[in-house]
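Asks: Handing over entry_36.tsv, TSV, N, CA and C atoms.
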chain	number	residue	atom	x	y	z
A	13	MET	N	-16.30	-36.78	0.90
A	13	MET	CA	-17.42	-37.70	0.89
A	13	MET	C	-17.59	-38.37	-0.47
A	14	THR	N	-17.13	-37.72	-1.53
A	14	THR	CA	-17.28	-38.32	-2.85
A	14	THR	C	-16.45	-39.58	-3.00
A	15	ARG	N	-15.43	-39.73	-2.21
A	15	ARG	CA	-14.58	-40.91	-2.28
A	15	ARG	C	-14.87	-41.90	-1.15
A	16	ARG	N	-15.97	-41.72	-0.47
A	16	ARG	CA	-16.32	-42.61	0.64
A	16	ARG	C	-16.43	-44.06	0.17
A	17	TYR	N	-16.82	-44.24	-1.08
A	17	TYR	CA	-16.95	-45.59	-1.62
A	17	TYR	C	-15.62	-46.33	-1.59
A	18	LEU	N	-14.50	-45.61	-1.66
A	18	LEU	CA	-13.18	-46.27	-1.60
A	18	LEU	C	-12.94	-46.85	-0.22
A	19	ALA	N	-13.24	-46.09	0.82
A	19	ALA	CA	-13.08	-46.59	2.19
A	19	ALA	C	-14.01	-47.78	2.44
A	20	LEU	N	-15.25	-47.66	1.99
A	20	LEU	CA	-16.20	-48.76	2.16
A	20	LEU	C	-15.73	-50.00	1.39
A	21	SER	N	-15.18	-49.80	0.21
A	21	SER	CA	-14.65	-50.92	-0.58
A	21	SER	C	-13.51	-51.61	0.16
A	22	LEU	N	-12.66	-50.83	0.81
A	22	LEU	CA	-11.54	-51.42	1.56
A	22	LEU	C	-12.04	-52.21	2.77
A	23	VAL	N	-13.05	-51.71	3.45
A	23	VAL	CA	-13.63	-52.45	4.58
A	23	VAL	C	-14.25	-53.75	4.07
A	24	ALA	N	-14.99	-53.67	2.95
A	24	ALA	CA	-15.60	-54.87	2.37
A	24	ALA	C	-14.53	-55.88	1.97
A	25	PHE	N	-13.47	-55.39	1.35
A	25	PHE	CA	-12.36	-56.26	0.95
A	25	PHE	C	-11.75	-56.96	2.16
A	26	GLY	N	-11.49	-56.19	3.21
A	26	GLY	CA	-10.89	-56.77	4.41
A	26	GLY	C	-11.78	-57.81	5.06
A	27	ALA	N	-13.06	-57.48	5.19
A	27	ALA	CA	-13.99	-58.42	5.81
A	27	ALA	C	-14.16	-59.66	4.94
A	28	TYR	N	-14.35	-59.46	3.66
A	28	TYR	CA	-14.63	-60.60	2.79
A	28	TYR	C	-13.41	-61.50	2.61
A	29	SER	N	-12.22	-60.94	2.81
A	29	SER	CA	-10.99	-61.75	2.70
A	29	SER	C	-10.94	-62.84	3.77
A	30	LEU	N	-11.62	-62.63	4.86
A	30	LEU	CA	-11.62	-63.60	5.95
A	30	LEU	C	-12.71	-64.66	5.81
A	31	VAL	N	-13.68	-64.44	4.92
A	31	VAL	CA	-14.81	-65.35	4.80
A	31	VAL	C	-14.37	-66.75	4.41
A	32	ALA	N	-13.65	-66.90	3.31
A	32	ALA	CA	-13.30	-68.24	2.82
A	32	ALA	C	-12.45	-69.03	3.82
A	33	PRO	N	-11.40	-68.42	4.40
A	33	PRO	CA	-10.63	-69.20	5.38
A	33	PRO	C	-11.47	-69.62	6.60
A	34	LEU	N	-12.31	-68.73	7.11
A	34	LEU	CA	-13.14	-69.08	8.26
A	34	LEU	C	-14.19	-70.14	7.88
A	35	LEU	N	-14.73	-70.02	6.66
A	35	LEU	CA	-15.67	-71.05	6.19
A	35	LEU	C	-14.99	-72.41	6.12
A	36	LYS	N	-13.79	-72.42	5.59
A	36	LYS	CA	-13.08	-73.69	5.45
A	36	LYS	C	-12.88	-74.35	6.82
A	37	ILE	N	-12.54	-73.54	7.82
A	37	ILE	CA	-12.37	-74.06	9.17
A	37	ILE	C	-13.70	-74.59	9.70
A	38	ALA	N	-14.77	-73.80	9.56
A	38	ALA	CA	-16.08	-74.19	10.08
A	38	ALA	C	-16.60	-75.44	9.38
A	39	MET	N	-16.36	-75.54	8.08
A	39	MET	CA	-16.93	-76.66	7.34
A	39	MET	C	-16.11	-77.94	7.46
A	40	GLN	N	-15.11	-77.93	8.31
A	40	GLN	CA	-14.45	-79.19	8.65
A	40	GLN	C	-15.42	-80.05	9.47
A	41	GLU	N	-16.38	-79.38	10.12
A	41	GLU	CA	-17.34	-80.12	10.95
A	41	GLU	C	-18.80	-79.82	10.62
A	42	LEU	N	-19.04	-78.76	9.88
A	42	LEU	CA	-20.41	-78.38	9.50
A	42	LEU	C	-20.58	-78.52	7.99
A	43	PRO	N	-21.73	-79.00	7.53
A	43	PRO	CA	-21.97	-79.05	6.09
A	43	PRO	C	-22.21	-77.65	5.52
A	44	SER	N	-22.03	-77.52	4.22
A	44	SER	CA	-22.10	-76.21	3.58
A	44	SER	C	-23.49	-75.58	3.64
A	45	THR	N	-24.55	-76.35	3.47
A	45	THR	CA	-25.89	-75.75	3.42
A	45	THR	C	-26.28	-75.11	4.76
A	46	PRO	N	-26.10	-75.77	5.90
A	46	PRO	CA	-26.36	-75.07	7.16
A	46	PRO	C	-25.44	-73.86	7.36
A	47	ALA	N	-24.22	-73.95	6.87
A	47	ALA	CA	-23.30	-72.81	6.97
A	47	ALA	C	-23.84	-71.61	6.20
A	48	VAL	N	-24.39	-71.86	5.01
A	48	VAL	CA	-25.02	-70.78	4.23
A	48	VAL	C	-26.20	-70.21	5.02
A	49	PHE	N	-27.03	-71.09	5.55
A	49	PHE	CA	-28.23	-70.65	6.28
A	49	PHE	C	-27.85	-69.80	7.49
A	50	ILE	N	-26.94	-70.29	8.31
A	50	ILE	CA	-26.58	-69.59	9.54
A	50	ILE	C	-25.91	-68.25	9.23
A	51	SER	N	-24.94	-68.26	8.30
A	51	SER	CA	-24.22	-67.01	8.00
A	51	SER	C	-25.16	-65.98	7.38
A	52	ASN	N	-26.09	-66.42	6.56
A	52	ASN	CA	-27.02	-65.47	5.95
A	52	ASN	C	-28.13	-65.06	6.90
A	53	PHE	N	-28.44	-65.90	7.88
A	53	PHE	CA	-29.37	-65.48	8.94
A	53	PHE	C	-28.74	-64.33	9.71
A	54	VAL	N	-27.46	-64.45	10.01
A	54	VAL	CA	-26.75	-63.36	10.69
A	54	VAL	C	-26.79	-62.10	9.82
A	55	LEU	N	-26.55	-62.26	8.54
A	55	LEU	CA	-26.62	-61.14	7.60
A	55	LEU	C	-27.99	-60.47	7.65
A	56	LEU	N	-29.04	-61.27	7.62
A	56	LEU	CA	-30.40	-60.76	7.64
A	56	LEU	C	-30.67	-59.98	8.94
A	57	VAL	N	-30.26	-60.53	10.06
A	57	VAL	CA	-30.47	-59.86	11.34
A	57	VAL	C	-29.70	-58.54	11.39
A	58	VAL	N	-28.45	-58.56	11.00
A	58	VAL	CA	-27.63	-57.34	11.05
A	58	VAL	C	-28.16	-56.30	10.05
A	59	ALA	N	-28.56	-56.72	8.87
A	59	ALA	CA	-29.14	-55.78	7.90
A	59	ALA	C	-30.42	-55.18	8.46
A	60	GLY	N	-31.23	-55.98	9.15
A	60	GLY	CA	-32.44	-55.47	9.79
A	60	GLY	C	-32.12	-54.43	10.85
A	61	ILE	N	-31.10	-54.70	11.63
A	61	ILE	CA	-30.68	-53.73	12.65
A	61	ILE	C	-30.18	-52.45	11.98
A	62	ALA	N	-29.42	-52.58	10.91
A	62	ALA	CA	-28.90	-51.41	10.19
A	62	ALA	C	-30.06	-50.58	9.62
A	63	MET	N	-31.07	-51.25	9.06
A	63	MET	CA	-32.22	-50.51	8.54
A	63	MET	C	-32.96	-49.80	9.66
A	64	ALA	N	-33.15	-50.46	10.79
A	64	ALA	CA	-33.84	-49.84	11.92
A	64	ALA	C	-33.05	-48.64	12.42
A	65	TRP	N	-31.75	-48.78	12.51
A	65	TRP	CA	-30.88	-47.70	12.98
A	65	TRP	C	-30.95	-46.49	12.05
A	66	ARG	N	-31.03	-46.76	10.74
A	66	ARG	CA	-31.11	-45.68	9.75
A	66	ARG	C	-32.53	-45.20	9.51
A	67	GLY	N	-33.51	-45.86	10.14
A	67	GLY	CA	-34.90	-45.46	9.96
A	67	GLY	C	-35.46	-45.80	8.59
A	68	VAL	N	-34.99	-46.91	8.03
A	68	VAL	CA	-35.42	-47.33	6.69
A	68	VAL	C	-36.24	-48.61	6.82
A	69	SER	N	-37.33	-48.65	6.10
A	69	SER	CA	-38.17	-49.85	6.08
A	69	SER	C	-38.20	-50.41	4.67
A	70	PRO	N	-38.19	-51.73	4.52
A	70	PRO	CA	-38.28	-52.30	3.18
A	70	PRO	C	-39.70	-52.27	2.61
A	71	VAL	N	-40.69	-52.05	3.46
A	71	VAL	CA	-42.10	-52.14	3.04
A	71	VAL	C	-42.43	-51.23	1.86
A	72	PRO	N	-42.02	-49.97	1.85
A	72	PRO	CA	-42.39	-49.12	0.71
A	72	PRO	C	-41.79	-49.61	-0.62
A	73	TYR	N	-40.77	-50.41	-0.55
A	73	TYR	CA	-40.09	-50.86	-1.77
A	73	TYR	C	-40.63	-52.19	-2.30
A	74	LEU	N	-41.55	-52.81	-1.58
A	74	LEU	CA	-42.06	-54.12	-1.99
A	74	LEU	C	-42.81	-54.04	-3.31
A	75	ARG	N	-43.39	-52.90	-3.62
A	75	ARG	CA	-44.12	-52.73	-4.88
A	75	ARG	C	-43.39	-51.83	-5.87
A	76	HIS	N	-42.15	-51.54	-5.60
A	76	HIS	CA	-41.35	-50.70	-6.49
A	76	HIS	C	-41.11	-51.43	-7.81
A	77	PRO	N	-41.09	-50.72	-8.92
A	77	PRO	CA	-40.88	-51.37	-10.22
A	77	PRO	C	-39.54	-52.12	-10.34
A	78	LYS	N	-38.57	-51.75	-9.53
A	78	LYS	CA	-37.26	-52.42	-9.58
A	78	LYS	C	-37.17	-53.60	-8.61
A	79	THR	N	-38.18	-53.82	-7.80
A	79	THR	CA	-38.16	-54.92	-6.84
A	79	THR	C	-37.96	-56.28	-7.51
A	80	PRO	N	-38.55	-56.56	-8.68
A	80	PRO	CA	-38.25	-57.85	-9.33
A	80	PRO	C	-36.75	-58.04	-9.61
A	81	HIS	N	-36.04	-56.94	-9.87
A	81	HIS	CA	-34.58	-57.04	-10.05
A	81	HIS	C	-33.92	-57.53	-8.77
A	82	ILE	N	-34.37	-56.98	-7.64
A	82	ILE	CA	-33.80	-57.37	-6.35
A	82	ILE	C	-34.11	-58.83	-6.04
A	83	VAL	N	-35.32	-59.27	-6.38
A	83	VAL	CA	-35.68	-60.67	-6.18
A	83	VAL	C	-34.78	-61.56	-7.04
A	84	GLY	N	-34.57	-61.16	-8.29
A	84	GLY	CA	-33.65	-61.90	-9.16
A	84	GLY	C	-32.25	-61.96	-8.59
A	85	ILE	N	-31.81	-60.85	-8.03
A	85	ILE	CA	-30.49	-60.83	-7.39
A	85	ILE	C	-30.46	-61.81	-6.22
A	86	GLY	N	-31.54	-61.87	-5.48
A	86	GLY	CA	-31.62	-62.82	-4.37
A	86	GLY	C	-31.47	-64.25	-4.84
A	87	VAL	N	-32.11	-64.57	-5.97
A	87	VAL	CA	-31.98	-65.91	-6.55
A	87	VAL	C	-30.53	-66.17	-6.96
A	88	LEU	N	-29.92	-65.19	-7.64
A	88	LEU	CA	-28.52	-65.35	-8.07
A	88	LEU	C	-27.58	-65.48	-6.87
A	89	LEU	N	-27.81	-64.66	-5.85
A	89	LEU	CA	-26.99	-64.77	-4.64
A	89	LEU	C	-27.14	-66.13	-3.98
A	90	THR	N	-28.35	-66.64	-3.97
A	90	THR	CA	-28.60	-67.96	-3.38
A	90	THR	C	-27.83	-69.03	-4.13
A	91	VAL	N	-27.96	-69.04	-5.44
A	91	VAL	CA	-27.23	-70.02	-6.25
A	91	VAL	C	-25.72	-69.85	-6.05
A	92	GLY	N	-25.27	-68.60	-6.13
A	92	GLY	CA	-23.84	-68.33	-5.98
A	92	GLY	C	-23.29	-68.76	-4.63
A	93	LEU	N	-24.00	-68.42	-3.56
A	93	LEU	CA	-23.51	-68.76	-2.23
A	93	LEU	C	-23.61	-70.25	-1.93
A	94	LEU	N	-24.70	-70.89	-2.31
A	94	LEU	CA	-24.80	-72.33	-2.08
A	94	LEU	C	-23.68	-73.08	-2.80
A	95	THR	N	-23.41	-72.70	-4.03
A	95	THR	CA	-22.37	-73.40	-4.79
A	95	THR	C	-20.97	-73.01	-4.32
A	96	TYR	N	-20.79	-71.75	-3.93
A	96	TYR	CA	-19.49	-71.30	-3.42
A	96	TYR	C	-19.15	-72.01	-2.11
A	97	TYR	N	-20.08	-72.05	-1.19
A	97	TYR	CA	-19.84	-72.72	0.08
A	97	TYR	C	-19.55	-74.21	-0.15
A	98	ARG	N	-20.33	-74.82	-1.04
A	98	ARG	CA	-20.11	-76.25	-1.32
A	98	ARG	C	-18.74	-76.48	-1.94
A	99	ALA	N	-18.35	-75.60	-2.87
A	99	ALA	CA	-17.02	-75.71	-3.49
A	99	ALA	C	-15.93	-75.58	-2.43
A	100	LEU	N	-16.12	-74.64	-1.48
A	100	LEU	CA	-15.14	-74.50	-0.41
A	100	LEU	C	-15.12	-75.71	0.51
A	101	GLU	N	-16.28	-76.32	0.71
A	101	GLU	CA	-16.34	-77.53	1.53
A	101	GLU	C	-15.54	-78.65	0.89
A	102	LEU	N	-15.60	-78.73	-0.44
A	102	LEU	CA	-14.98	-79.85	-1.15
A	102	LEU	C	-13.56	-79.58	-1.62
A	103	GLY	N	-13.22	-78.34	-1.88
A	103	GLY	CA	-11.93	-78.05	-2.50
A	103	GLY	C	-11.07	-77.10	-1.71
A	104	PRO	N	-9.85	-76.88	-2.19
A	104	PRO	CA	-8.92	-75.98	-1.50
A	104	PRO	C	-9.28	-74.51	-1.71
A	105	VAL	N	-9.13	-73.73	-0.66
A	105	VAL	CA	-9.40	-72.30	-0.70
A	105	VAL	C	-8.58	-71.64	-1.81
A	106	SER	N	-7.34	-72.07	-1.95
A	106	SER	CA	-6.43	-71.44	-2.92
A	106	SER	C	-6.85	-71.64	-4.37
A	107	ILE	N	-7.76	-72.55	-4.64
A	107	ILE	CA	-8.27	-72.75	-5.99
A	107	ILE	C	-9.70	-72.22	-6.11
A	108	VAL	N	-10.54	-72.53	-5.14
A	108	VAL	CA	-11.95	-72.12	-5.20
A	108	VAL	C	-12.09	-70.60	-5.22
A	109	VAL	N	-11.40	-69.91	-4.33
A	109	VAL	CA	-11.55	-68.46	-4.21
A	109	VAL	C	-11.13	-67.73	-5.48
A	110	PRO	N	-9.99	-68.06	-6.08
A	110	PRO	CA	-9.66	-67.35	-7.33
A	110	PRO	C	-10.67	-67.59	-8.46
A	111	ILE	N	-11.15	-68.82	-8.59
A	111	ILE	CA	-12.15	-69.08	-9.64
A	111	ILE	C	-13.41	-68.29	-9.34
A	112	TYR	N	-13.87	-68.32	-8.11
A	112	TYR	CA	-15.03	-67.53	-7.70
A	112	TYR	C	-14.77	-66.05	-7.97
A	113	GLY	N	-13.53	-65.64	-7.75
A	113	GLY	CA	-13.16	-64.24	-7.93
A	113	GLY	C	-13.21	-63.74	-9.36
A	114	LEU	N	-13.38	-64.65	-10.30
A	114	LEU	CA	-13.56	-64.22	-11.69
A	114	LEU	C	-14.77	-63.32	-11.86
A	115	PHE	N	-15.70	-63.37	-10.90
A	115	PHE	CA	-16.87	-62.50	-11.00
A	115	PHE	C	-16.44	-61.03	-11.07
A	116	ILE	N	-15.29	-60.70	-10.51
A	116	ILE	CA	-14.82	-59.32	-10.54
A	116	ILE	C	-14.54	-58.89	-11.97
A	117	ALA	N	-13.83	-59.73	-12.72
A	117	ALA	CA	-13.52	-59.40	-14.11
A	117	ALA	C	-14.79	-59.38	-14.95
A	118	ILE	N	-15.65	-60.37	-14.76
A	118	ILE	CA	-16.88	-60.45	-15.55
A	118	ILE	C	-17.80	-59.28	-15.22
A	119	SER	N	-17.93	-58.94	-13.94
A	119	SER	CA	-18.77	-57.79	-13.56
A	119	SER	C	-18.21	-56.50	-14.15
A	120	SER	N	-16.89	-56.38	-14.20
A	120	SER	CA	-16.28	-55.19	-14.80
A	120	SER	C	-16.61	-55.10	-16.28
A	121	ILE	N	-16.53	-56.22	-16.96
A	121	ILE	CA	-16.85	-56.24	-18.40
A	121	ILE	C	-18.32	-55.89	-18.60
A	122	ILE	N	-19.19	-56.44	-17.79
A	122	ILE	CA	-20.62	-56.12	-17.89
A	122	ILE	C	-20.84	-54.63	-17.63
A	123	GLY	N	-20.15	-54.07	-16.65
A	123	GLY	CA	-20.27	-52.64	-16.37
A	123	GLY	C	-19.86	-51.80	-17.56
A	124	ILE	N	-18.81	-52.21	-18.24
A	124	ILE	CA	-18.35	-51.48	-19.42
A	124	ILE	C	-19.36	-51.58	-20.55
A	125	VAL	N	-19.85	-52.81	-20.80
A	125	VAL	CA	-20.75	-53.04	-21.94
A	125	VAL	C	-22.15	-52.50	-21.67
A	126	VAL	N	-22.73	-52.88	-20.55
A	126	VAL	CA	-24.14	-52.55	-20.28
A	126	VAL	C	-24.33	-51.10	-19.84
A	127	PHE	N	-23.41	-50.59	-19.02
A	127	PHE	CA	-23.59	-49.26	-18.47
A	127	PHE	C	-22.74	-48.21	-19.17
A	128	ASP	N	-22.13	-48.61	-20.27
A	128	ASP	CA	-21.34	-47.68	-21.09
A	128	ASP	C	-20.26	-46.96	-20.27
A	129	GLU	N	-19.63	-47.71	-19.37
A	129	GLU	CA	-18.55	-47.14	-18.59
A	129	GLU	C	-17.32	-47.01	-19.47
A	130	ALA	N	-16.46	-46.09	-19.10
A	130	ALA	CA	-15.28	-45.80	-19.90
A	130	ALA	C	-14.36	-47.02	-20.01
A	131	VAL	N	-13.87	-47.25	-21.23
A	131	VAL	CA	-12.89	-48.32	-21.48
A	131	VAL	C	-11.54	-47.64	-21.64
A	132	THR	N	-10.61	-48.07	-20.81
A	132	THR	CA	-9.26	-47.54	-20.92
A	132	THR	C	-8.30	-48.71	-21.10
A	133	THR	N	-7.15	-48.41	-21.60
A	133	THR	CA	-6.12	-49.44	-21.75
A	133	THR	C	-5.81	-50.06	-20.40
A	134	ARG	N	-5.78	-49.23	-19.38
A	134	ARG	CA	-5.47	-49.72	-18.03
A	134	ARG	C	-6.54	-50.70	-17.54
A	135	LYS	N	-7.84	-50.39	-17.78
A	135	LYS	CA	-8.91	-51.30	-17.37
A	135	LYS	C	-8.82	-52.62	-18.12
A	136	VAL	N	-8.60	-52.56	-19.42
A	136	VAL	CA	-8.49	-53.79	-20.22
A	136	VAL	C	-7.31	-54.62	-19.74
A	137	ALA	N	-6.18	-53.96	-19.48
A	137	ALA	CA	-5.00	-54.67	-18.98
A	137	ALA	C	-5.29	-55.26	-17.60
A	138	GLY	N	-5.96	-54.50	-16.75
A	138	GLY	CA	-6.29	-54.99	-15.41
A	138	GLY	C	-7.18	-56.22	-15.46
A	139	ILE	N	-8.19	-56.19	-16.30
A	139	ILE	CA	-9.07	-57.35	-16.44
A	139	ILE	C	-8.29	-58.54	-16.99
A	140	GLY	N	-7.45	-58.28	-17.99
A	140	GLY	CA	-6.64	-59.36	-18.56
A	140	GLY	C	-5.69	-59.96	-17.53
A	141	PHE	N	-5.01	-59.10	-16.76
A	141	PHE	CA	-4.10	-59.60	-15.74
A	141	PHE	C	-4.84	-60.33	-14.62
A	142	ALA	N	-6.05	-59.86	-14.30
A	142	ALA	CA	-6.85	-60.55	-13.27
A	142	ALA	C	-7.19	-61.96	-13.73
A	143	VAL	N	-7.62	-62.09	-14.97
A	143	VAL	CA	-7.94	-63.41	-15.50
A	143	VAL	C	-6.69	-64.28	-15.54
A	144	LEU	N	-5.57	-63.72	-15.97
A	144	LEU	CA	-4.31	-64.46	-16.00
A	144	LEU	C	-3.90	-64.89	-14.60
A	145	ALA	N	-4.01	-63.99	-13.63
A	145	ALA	CA	-3.63	-64.32	-12.25
A	145	ALA	C	-4.51	-65.46	-11.71
A	146	ILE	N	-5.79	-65.38	-12.00
A	146	ILE	CA	-6.70	-66.42	-11.52
A	146	ILE	C	-6.37	-67.76	-12.17
A	147	ALA	N	-6.08	-67.72	-13.47
A	147	ALA	CA	-5.70	-68.95	-14.16
A	147	ALA	C	-4.41	-69.53	-13.56
A	148	LEU	N	-3.43	-68.70	-13.30
A	148	LEU	CA	-2.16	-69.18	-12.73
A	148	LEU	C	-2.34	-69.71	-11.31
A	149	MET	N	-3.20	-69.05	-10.53
A	149	MET	CA	-3.40	-69.48	-9.14
A	149	MET	C	-4.21	-70.75	-9.04
A	150	SER	N	-5.03	-71.02	-10.05
A	150	SER	CA	-5.96	-72.15	-9.99
A	150	SER	C	-5.40	-73.43	-10.61
A	151	LEU	N	-4.29	-73.34	-11.26
A	151	LEU	CA	-3.73	-74.55	-11.91
A	151	LEU	C	-2.98	-75.41	-10.92
Take the structure in this file and express it as structure tokens.
Replies:
Amino acid sequence: MTRRYLALSLVAFGAYSLVAPLLKIAMQELPSTPAVFISNFVLLVVAGIAMAWRGVSPVPYLRHPKTPHIVGIGVLLTVGLLTYYRALELGPVSIVVPIYGLFIAISSIIGIVVFDEAVTTRKVAGIGFAVLAIALMSL
């Protein structure tokens, strides 16, 4: 169970790998903003079902001291998704997705700096190679 996050990460990777190509197909006829709305409406409904299934309510957390962080995340997700969908509407998947994917390297760096996570030569090399790969794929 301690490694369950690895399996969940693989499921997330597999599912999210299909998002950009399917978005590109859908946005041949649909504008990006309704695509964001519809896809996130589905997300909201499914998350609501998941909370009901697990017996979790968001109500007790509305006044939690960390709730402003979640609201801020919602704002960042909104900006990120609106601009990501629009970029996919306008540009090629093979360029937009790698540039968007830089968040992985930046989030890793933030994790190391802010949360004092271990820095290893392998992590530094991985982040460097990720940035290099994204640069090569986006040119």
Asks: To one decimal in Å, tell me the separation between atom C of Val109 in chain A and atom C of Ser21 in chain A.
Replies: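 Computed distance, atom C of Val109 in chain A to atom C of Ser21 in chain A, equals 17.2 Å.
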Asks: Interatomic distance between atom N of Val105 in chain A and atom N of Ala32 in chain A?
Replies: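 That distance, rounded to one decimal, is 9.1 Å.
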Asks: Quick one: pull the distance between CA of Ser120 in chain A and CA of Arg98 in chain A, Å, one decimal.
Replies: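 According to the coordinates, CA of Ser120 in chain A and CA of Arg98 in chain A are separated by 25.3 Å.
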Asks: Using only the atoms of range 42-55 of chain A listed in the file, plus 6 Å on each side, state the axis-aligned box centre and edge lengths in Å rounded to one decimal, as JSON.
Replies:
{"center_x": -24.2, "center_y": -69.8, "center_z": 7.1, "size_x": 22.3, "size_y": 30.6, "size_z": 19.3}
Asks: Using all atoms listed in the file, find the one residue out of A:Ile107, A:Ile121, A:Val48, A:Ile82 that sits nearest to Leu94 in chain A.
Replies: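 For Leu94 in chain A, the nearest of the given residues is A:Val48.
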Asks: Can you tell me, as a list of chain:residue names, what residues are no more than 7 Å from Pro110 in chain A when counting only C-alpha atoms, ignoring any on the same chain fewer than 4 positions away?
Replies: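 Neighbouring residues, sequence-local ones excluded: A:Ser106, A:Leu114, A:Ile146, A:Met149, A:Ser150.
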Asks: Using N, CA and C atoms, can you export the residues from the last selection as an mmCIF file, in the frame of the given file?
Replies:
data_model
loop_
_atom_site.group_PDB
_atom_site.id
_atom_site.type_symbol
_atom_site.label_atom_id
_atom_site.label_comp_id
_atom_site.auth_asym_id
_atom_site.auth_seq_id
_atom_site.Cartn_x
_atom_site.Cartn_y
_atom_site.Cartn_z
ATOM 1 N N SER A 106 -7.340 -72.070 -1.950
ATOM 2 C CA SER A 106 -6.430 -71.440 -2.920
ATOM 3 C C SER A 106 -6.850 -71.640 -4.370
ATOM 4 N N LEU A 114 -13.380 -64.650 -10.300
ATOM 5 C CA LEU A 114 -13.560 -64.220 -11.690
ATOM 6 C C LEU A 114 -14.770 -63.320 -11.860
ATOM 7 N N ILE A 146 -5.790 -65.380 -12.000
ATOM 8 C CA ILE A 146 -6.700 -66.420 -11.520
ATOM 9 C C ILE A 146 -6.370 -67.760 -12.170
ATOM 10 N N MET A 149 -3.200 -69.050 -10.530
ATOM 11 C CA MET A 149 -3.400 -69.480 -9.140
ATOM 12 C C MET A 149 -4.210 -70.750 -9.040
ATOM 13 N N SER A 150 -5.030 -71.020 -10.050
ATOM 14 C CA SER A 150 -5.960 -72.150 -9.990
ATOM 15 C C SER A 150 -5.400 -73.430 -10.610
#
Asks: Looking only at helix (DSSP H, G or I) from DSSP on the backbone, list the matching residues of chain A as a ChimeraX atom specification.
Replies: /A:16-29,31-38,44-66,71-73,79-102,105-112,114-126,133-150
Asks: Which residues are near range 33-42 of chain A? Cut-off 7 Å, all atoms listed in the file, ignore same chain within fewer than 3 positions. Put them as a list in words.
Replies: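 Here the answer would be Ser29, Leu30, Thr45, Pro46, Ala47, Leu100, Glu101 and Val105 of chain A.
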Asks: Under the rule that only N, CA and C atoms are counted, which of A:Lys78, A:Ser44, A:Phe127, A:Leu151 is the nearest residue to Tyr96 in chain A?
Replies: A:Ser44
Asks: Could you check the closest approach to Ser51 in chain A for each of A:Ala64, A:Val71, A:Val83, A:Leu93 and tell me which residue wins, using only C-alpha atoms?
Replies: A:Leu93
